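The next block holds one structure in the form of structure tokens; read it before the comments.
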There are 2 protein chains.
Amino acid sequence: MTTKAAIIPESPSEQTFRALLKTMGMMRRVMEPYFSRFGISGSQWGVMRALWFADQVGEASVRVTDLSDRLLIRPPSVTTVVDRLERQGLVLREGSPSDQRVKEVRLTDAGRKLVRRVLHGHTAQIETLLDGLSGSELQALLQSLERLNSHLESMHEGVGDGHHLRKNGKTNRKDYEVD
Amino acid sequence: MTTKAAIIPESPSEQTFRALLKTMGMMRRVMEPYFSRFGISGSQWGVMRALWFADQVGEASVRVTDLSDRLLIRPPSVTTVVDRLERQGLVLREGSPSDQRVKEVRLTDAGRKLVRRVLHGHTAQIETLLDGLSGSELQALLQSLERLNSHLESMHEGVGDGHHLRKNGKTNRKDYEVD
DNA sequence: AGCGTTTAGTTAGTTTCCTAAATACCAGTT
DNA sequence: AACTGGTATTTAGGAAACTAACTAAACGCT
């Protein structure tokens, strides 16, 4: 180790970026086993959660495109996850009468029951995940992430690296408001 | 919407968790096109970066298991990424003389050249990604993530959900120190 | 020396994500 | 009414991650 000099000059941005990657990887490793106790994956949970919350707001079913927007995954990915959930009898797909192109996805009774079971421990699970941080630190982290996210969102418009992400459309869903 | 009441009571932890998911998704969407300009993926970059930094520290090659530890992905995943890199002539695998089981992976000249090209714009790219945050905010974010990560790491020991992650072993690598 | 256990890596098979392209339908124009 | 352009979803194909199970080599203990 004569080379003590030339050692990795990482910028704060790079360090943060890598820390973020690491956090993600580790969270998935912790969460995935939790979901698998219920026979579903994290992605499947994402869909079910979205459908559940839509339901809570009086929106009994959600179209594939809306799921794609809300979950930040592309429509083909939604299709495959929904396929699997449908095979498991947790959701179902039905054509919309007003527009023959759209497929509305909604929870079955079994699906709703499972969501309730998962939600039961879910909050505690995530609480545990994050309880290495104090309340105020958590607050600060959330704020930073939100700012970061809106920055990333604004970058998304002018990406131009070949594919344009249709970005937006009329997801006039008003998003979820926390009561 | 007579149901104004029962609307989604998300805890700060949950919000943070979801914000984190969102950040990840968006960062990948922005970074992936960057790497693909060089004919590689983000995962491939991860491996090359690790090899590069090892090299900088005088460690010409890295064994698969060490890559797995450093990148936080399982050995089979390392195998497939290295396979692809090897096919592209960017890295090569060679058996260790001291232990016939281990495979040492290292960059080829072409690989090193590519790393230099990628690194050139890499920092700027990440800088852009994160420049929605002020310097101090970035600092705070990094600190929170690091604390969070060590918390998650400590959780990892006592997971017990079926698989134990060998966790640790002699990765007495001292990790990379920033000069 | 020999037998069982552990460790390193790969193979097999599944899931989730992606892009590109196909299909089906809607809507406005001529 | 037919065409053209745009939107919703699926299909096809590929990459990366995982677990489980396998092979090969090393260790270690009697």
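Scheme for the structure tokens: letters A, B, ... for chains in order shown; per-chain residue numbers from 1; ligand numbers from 1 in order shown.
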Contact table chain C vs chain A, cut-off 8 Å, shortest pair per residue, only C-alpha atoms (C1' of nucleotides), as JSON lines:
```
{"residue": "C:DT16", "atom": "C1'", "partner": "A:Ser77", "partner_atom": "CA", "distance": 7.2}
{"residue": "C:DC17", "atom": "C1'", "partner": "A:Ser77", "partner_atom": "CA", "distance": 6.5}
{"residue": "C:DC18", "atom": "C1'", "partner": "A:Arg74", "partner_atom": "CA", "distance": 8.0}
{"residue": "C:DA24", "atom": "C1'", "partner": "A:Arg101", "partner_atom": "CA", "distance": 6.8}
{"residue": "C:DC25", "atom": "C1'", "partner": "A:Arg101", "partner_atom": "CA", "distance": 5.6}
{"residue": "C:DC26", "atom": "C1'", "partner": "A:Asp99", "partner_atom": "CA", "distance": 7.9}
```
Okay, now the selection with N, CA, C and O atoms (P, O5', C5', C4', C3', O3' and C1' of nucleotides), as a PDB file, in the first residue's frame?
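In the end it all went to out25.pdb:
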```pdb
ATOM      1  P    DT C  16     -43.210 -10.263  -9.286  1.00  0.00           P
ATOM      2  O5'  DT C  16     -42.235  -9.116  -9.806  1.00  0.00           O
ATOM      3  C5'  DT C  16     -41.162  -8.696  -8.986  1.00  0.00           C
ATOM      4  C4'  DT C  16     -40.330  -7.678  -9.727  1.00  0.00           C
ATOM      5  C3'  DT C  16     -41.166  -6.647 -10.501  1.00  0.00           C
ATOM      6  O3'  DT C  16     -40.679  -5.350 -10.189  1.00  0.00           O
ATOM      7  C1'  DT C  16     -39.552  -7.620 -11.917  1.00  0.00           C
ATOM      8  P    DC C  17     -41.565  -4.079 -10.501  1.00  0.00           P
ATOM      9  O5'  DC C  17     -40.892  -3.424 -11.783  1.00  0.00           O
ATOM     10  C5'  DC C  17     -39.683  -2.702 -11.658  1.00  0.00           C
ATOM     11  C4'  DC C  17     -38.812  -2.895 -12.873  1.00  0.00           C
ATOM     12  C3'  DC C  17     -39.296  -2.286 -14.184  1.00  0.00           C
ATOM     13  O3'  DC C  17     -39.130  -0.885 -14.168  1.00  0.00           O
ATOM     14  C1'  DC C  17     -38.108  -4.322 -14.519  1.00  0.00           C
ATOM     15  P    DC C  18     -39.821   0.044 -15.220  1.00  0.00           P
ATOM     16  O5'  DC C  18     -38.948  -0.245 -16.529  1.00  0.00           O
ATOM     17  C5'  DC C  18     -37.577   0.125 -16.546  1.00  0.00           C
ATOM     18  C4'  DC C  18     -36.932  -0.447 -17.796  1.00  0.00           C
ATOM     19  C3'  DC C  18     -37.615  -0.026 -19.094  1.00  0.00           C
ATOM     20  O3'  DC C  18     -37.044   1.175 -19.538  1.00  0.00           O
ATOM     21  C1'  DC C  18     -37.121  -2.350 -19.114  1.00  0.00           C
ATOM     22  P    DA C  24     -56.307  -7.323 -32.550  1.00  0.00           P
ATOM     23  O5'  DA C  24     -57.273  -6.430 -31.652  1.00  0.00           O
ATOM     24  C5'  DA C  24     -56.948  -6.127 -30.300  1.00  0.00           C
ATOM     25  C4'  DA C  24     -57.496  -4.771 -29.936  1.00  0.00           C
ATOM     26  C3'  DA C  24     -58.697  -4.315 -30.771  1.00  0.00           C
ATOM     27  O3'  DA C  24     -59.774  -4.152 -29.873  1.00  0.00           O
ATOM     28  C1'  DA C  24     -57.093  -2.579 -30.513  1.00  0.00           C
ATOM     29  P    DC C  25     -61.230  -3.743 -30.377  1.00  0.00           P
ATOM     30  O5'  DC C  25     -61.320  -2.191 -30.044  1.00  0.00           O
ATOM     31  C5'  DC C  25     -61.024  -1.763 -28.712  1.00  0.00           C
ATOM     32  C4'  DC C  25     -60.697  -0.292 -28.770  1.00  0.00           C
ATOM     33  C3'  DC C  25     -61.826   0.554 -29.360  1.00  0.00           C
ATOM     34  O3'  DC C  25     -62.311   1.367 -28.308  1.00  0.00           O
ATOM     35  C1'  DC C  25     -59.675   1.249 -30.106  1.00  0.00           C
ATOM     36  P    DC C  26     -63.691   2.193 -28.514  1.00  0.00           P
ATOM     37  O5'  DC C  26     -63.138   3.674 -28.632  1.00  0.00           O
ATOM     38  C5'  DC C  26     -62.315   4.197 -27.600  1.00  0.00           C
ATOM     39  C4'  DC C  26     -61.726   5.513 -28.060  1.00  0.00           C
ATOM     40  C3'  DC C  26     -62.741   6.513 -28.626  1.00  0.00           C
ATOM     41  O3'  DC C  26     -62.616   7.705 -27.884  1.00  0.00           O
ATOM     42  C1'  DC C  26     -60.870   6.294 -30.074  1.00  0.00           C
TER      43       DC C  26
END
```
Query raised in the report: How would you write, as a ChimeraX atom specification, the set of residues in region 72-115 of chain B that DSSP gives as alpha helix (DSSP H)?
Result: /B:75-87,109-115
Report task. From the DSSP assignment of the backbone, select every residue of region 10-162 of chain A that is strand (DSSP E or B), and format the answer as a PyMOL selection string. Result -> chain A and resi 62-63+91-95+103-107
Query - Distance in Å - CA of Phe53 (chain B) versus CA of Val115 (chain B) - result: 10.3 Å
Give as a PDB file with C-alpha atoms (C1' of nucleotides), in the first residue's frame every residue of chain D that touches chain A within 12 Å, counting only C-alpha atoms (C1' of nucleotides).
```
ATOM      1  C1'  DT D   7     -53.861   6.365 -26.584  1.00  0.00           C
ATOM      2  C1'  DA D   8     -54.330   1.804 -23.723  1.00  0.00           C
ATOM      3  C1'  DT D   9     -52.765  -2.477 -23.145  1.00  0.00           C
ATOM      4  C1'  DT D  10     -50.325  -6.575 -24.237  1.00  0.00           C
ATOM      5  C1'  DT D  11     -46.585  -9.368 -26.321  1.00  0.00           C
ATOM      6  C1'  DA D  12     -41.731 -10.339 -27.186  1.00  0.00           C
ATOM      7  C1'  DA D  17     -31.939  -9.569  -8.939  1.00  0.00           C
ATOM      8  C1'  DC D  18     -33.307 -13.467  -5.951  1.00  0.00           C
ATOM      9  C1'  DT D  19     -33.398 -18.526  -3.740  1.00  0.00           C
TER      10       DT D  19
END
```
Pick out the residues sitting within 6 Å of region 142-152 of chain B, and hand them over as an mmCIF file with N, CA and C atoms, in the first residue's frame; count only C-alpha atoms (C1' of nucleotides), and ignore anything fewer than 2 positions along from it in its own chain.
```cif
data_model
loop_
_atom_site.group_PDB
_atom_site.id
_atom_site.type_symbol
_atom_site.label_atom_id
_atom_site.label_comp_id
_atom_site.auth_asym_id
_atom_site.auth_seq_id
_atom_site.Cartn_x
_atom_site.Cartn_y
_atom_site.Cartn_z
ATOM 1 N N THR A 16 -23.492 10.455 -1.509
ATOM 2 C CA THR A 16 -24.923 10.391 -1.233
ATOM 3 C C THR A 16 -25.612 9.428 -2.185
ATOM 4 N N THR A 23 -28.974 2.013 0.743
ATOM 5 C CA THR A 23 -30.197 2.019 1.530
ATOM 6 C C THR A 23 -31.280 1.205 0.841
ATOM 7 N N GLY A 132 -33.838 3.825 13.371
ATOM 8 C CA GLY A 132 -32.483 4.246 13.671
ATOM 9 C C GLY A 132 -32.368 5.768 13.643
ATOM 10 N N GLN B 139 -25.374 17.378 2.722
ATOM 11 C CA GLN B 139 -24.579 16.869 3.833
ATOM 12 C C GLN B 139 -25.474 16.165 4.861
ATOM 13 N N ALA B 140 -26.571 16.845 5.178
ATOM 14 C CA ALA B 140 -27.492 16.283 6.170
ATOM 15 C C ALA B 140 -28.110 14.989 5.656
ATOM 16 N N SER B 154 -27.343 -3.394 11.074
ATOM 17 C CA SER B 154 -27.418 -4.079 12.360
ATOM 18 C C SER B 154 -28.682 -4.926 12.455
ATOM 19 N N MET B 155 -29.742 -4.492 11.758
ATOM 20 C CA MET B 155 -30.948 -5.316 11.725
ATOM 21 C C MET B 155 -30.692 -6.641 11.031
#
```
Requested in this report: Can you pull out every residue within 12 Å of Glu127 (chain B), counting only C-alpha atoms (C1' of nucleotides), but drop anything in the same chain fewer than 6 positions away, and send it as a list of chain:residue names?
Outcome: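 Selected residues are A:Glu10, A:Ser11, A:Pro12, A:Ser13, A:Glu14, A:Gln15, A:Thr16, A:Phe17, A:Leu152, B:Met31, B:Gly121, B:Leu133, B:Ser134, B:Gly135, B:Leu138.
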Okay, now the selection with N, CA, C and O atoms, as an mmCIF file, in the first residue's frame?
```
data_model
loop_
_atom_site.group_PDB
_atom_site.id
_atom_site.type_symbol
_atom_site.label_atom_id
_atom_site.label_comp_id
_atom_site.auth_asym_id
_atom_site.auth_seq_id
_atom_site.Cartn_x
_atom_site.Cartn_y
_atom_site.Cartn_z
ATOM 1 N N GLU A 10 -14.208 10.932 -3.580
ATOM 2 C CA GLU A 10 -15.641 10.955 -3.889
ATOM 3 C C GLU A 10 -16.277 12.261 -3.434
ATOM 4 O O GLU A 10 -16.103 12.687 -2.307
ATOM 5 N N SER A 11 -17.036 12.836 -4.324
ATOM 6 C CA SER A 11 -17.733 14.070 -3.974
ATOM 7 C C SER A 11 -18.911 13.754 -3.062
ATOM 8 O O SER A 11 -19.376 12.616 -3.023
ATOM 9 N N PRO A 12 -19.387 14.742 -2.333
ATOM 10 C CA PRO A 12 -20.569 14.526 -1.480
ATOM 11 C C PRO A 12 -21.737 13.957 -2.282
ATOM 12 O O PRO A 12 -22.433 13.059 -1.809
ATOM 13 N N SER A 13 -21.909 14.464 -3.495
ATOM 14 C CA SER A 13 -23.000 13.950 -4.322
ATOM 15 C C SER A 13 -22.836 12.465 -4.573
ATOM 16 O O SER A 13 -23.783 11.686 -4.459
ATOM 17 N N GLU A 14 -21.620 12.099 -4.919
ATOM 18 C CA GLU A 14 -21.395 10.684 -5.207
ATOM 19 C C GLU A 14 -21.596 9.824 -3.973
ATOM 20 O O GLU A 14 -22.206 8.750 -4.041
ATOM 21 N N GLN A 15 -21.092 10.306 -2.872
ATOM 22 C CA GLN A 15 -21.282 9.547 -1.640
ATOM 23 C C GLN A 15 -22.756 9.371 -1.338
ATOM 24 O O GLN A 15 -23.206 8.292 -0.963
ATOM 25 N N THR A 16 -23.492 10.455 -1.509
ATOM 26 C CA THR A 16 -24.923 10.391 -1.233
ATOM 27 C C THR A 16 -25.612 9.428 -2.185
ATOM 28 O O THR A 16 -26.450 8.620 -1.773
ATOM 29 N N PHE A 17 -25.220 9.514 -3.416
ATOM 30 C CA PHE A 17 -25.795 8.624 -4.416
ATOM 31 C C PHE A 17 -25.585 7.168 -4.031
ATOM 32 O O PHE A 17 -26.504 6.357 -4.045
ATOM 33 N N LEU A 152 -35.903 15.779 -9.408
ATOM 34 C CA LEU A 152 -35.760 14.685 -10.368
ATOM 35 C C LEU A 152 -36.929 14.666 -11.342
ATOM 36 O O LEU A 152 -36.754 14.427 -12.535
ATOM 37 N N MET B 31 -30.189 7.657 -14.596
ATOM 38 C CA MET B 31 -28.829 7.162 -14.744
ATOM 39 C C MET B 31 -28.680 6.114 -15.841
ATOM 40 O O MET B 31 -27.672 6.085 -16.540
ATOM 41 N N GLY B 121 -17.674 11.846 -17.219
ATOM 42 C CA GLY B 121 -18.929 12.569 -17.111
ATOM 43 C C GLY B 121 -19.750 12.179 -15.892
ATOM 44 O O GLY B 121 -20.711 12.850 -15.536
ATOM 45 N N LEU B 133 -30.577 20.028 -4.252
ATOM 46 C CA LEU B 133 -30.343 20.210 -2.825
ATOM 47 C C LEU B 133 -29.153 21.134 -2.593
ATOM 48 O O LEU B 133 -28.169 21.091 -3.328
ATOM 49 N N SER B 134 -29.246 21.906 -1.561
ATOM 50 C CA SER B 134 -28.128 22.778 -1.199
ATOM 51 C C SER B 134 -27.024 21.927 -0.590
ATOM 52 O O SER B 134 -27.238 20.777 -0.208
ATOM 53 N N GLY B 135 -25.859 22.511 -0.501
ATOM 54 C CA GLY B 135 -24.714 21.794 0.053
ATOM 55 C C GLY B 135 -24.972 21.257 1.441
ATOM 56 O O GLY B 135 -24.688 20.086 1.720
ATOM 57 N N LEU B 138 -27.512 18.469 1.417
ATOM 58 C CA LEU B 138 -26.898 17.256 0.906
ATOM 59 C C LEU B 138 -26.119 16.565 2.015
ATOM 60 O O LEU B 138 -26.195 15.350 2.211
#
```
Requested in this report: Quote the spacing between CA of Met24 (chain A) and C1' of DA16 (chain D) in Å to one decimal place.
Outcome: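 Separation between CA of Met24 (chain A) and C1' of DA16 (chain D): 15.0 Å.
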Report task. Quick one: everything within 6 Å of Arg106 (chain A), counting only C-alpha atoms (C1' of nucleotides), minus sequence neighbours fewer than 5 positions away in the same chain. Send it as a PyMOL selection string. Result -> chain A and resi 61+91-92
Report task. Skip His120 (chain B) itself and residues of its chain fewer than 5 positions away, then list as a list of chain:residue names all residues within 12 Å of it, counting only C-alpha atoms (C1' of nucleotides). Result ->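 So, after excluding close chain neighbours, the residues are B:Tyr34, B:Phe35, B:Phe38, B:Lys113, B:Leu114, B:Val115, B:Gln125, B:Ile126.
Relative to CA of Arg70 (chain B), CA of Ala19 (chain A) is found at 12.3 Å.
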Requested in this report: Rank A:Leu129, A:Leu85, A:Val105, A:Ile40 by their smallest atom-to-atom distance to chain B, using only C-alpha atoms, and report the top residue only.
Outcome: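 Closest candidate: A:Leu129.
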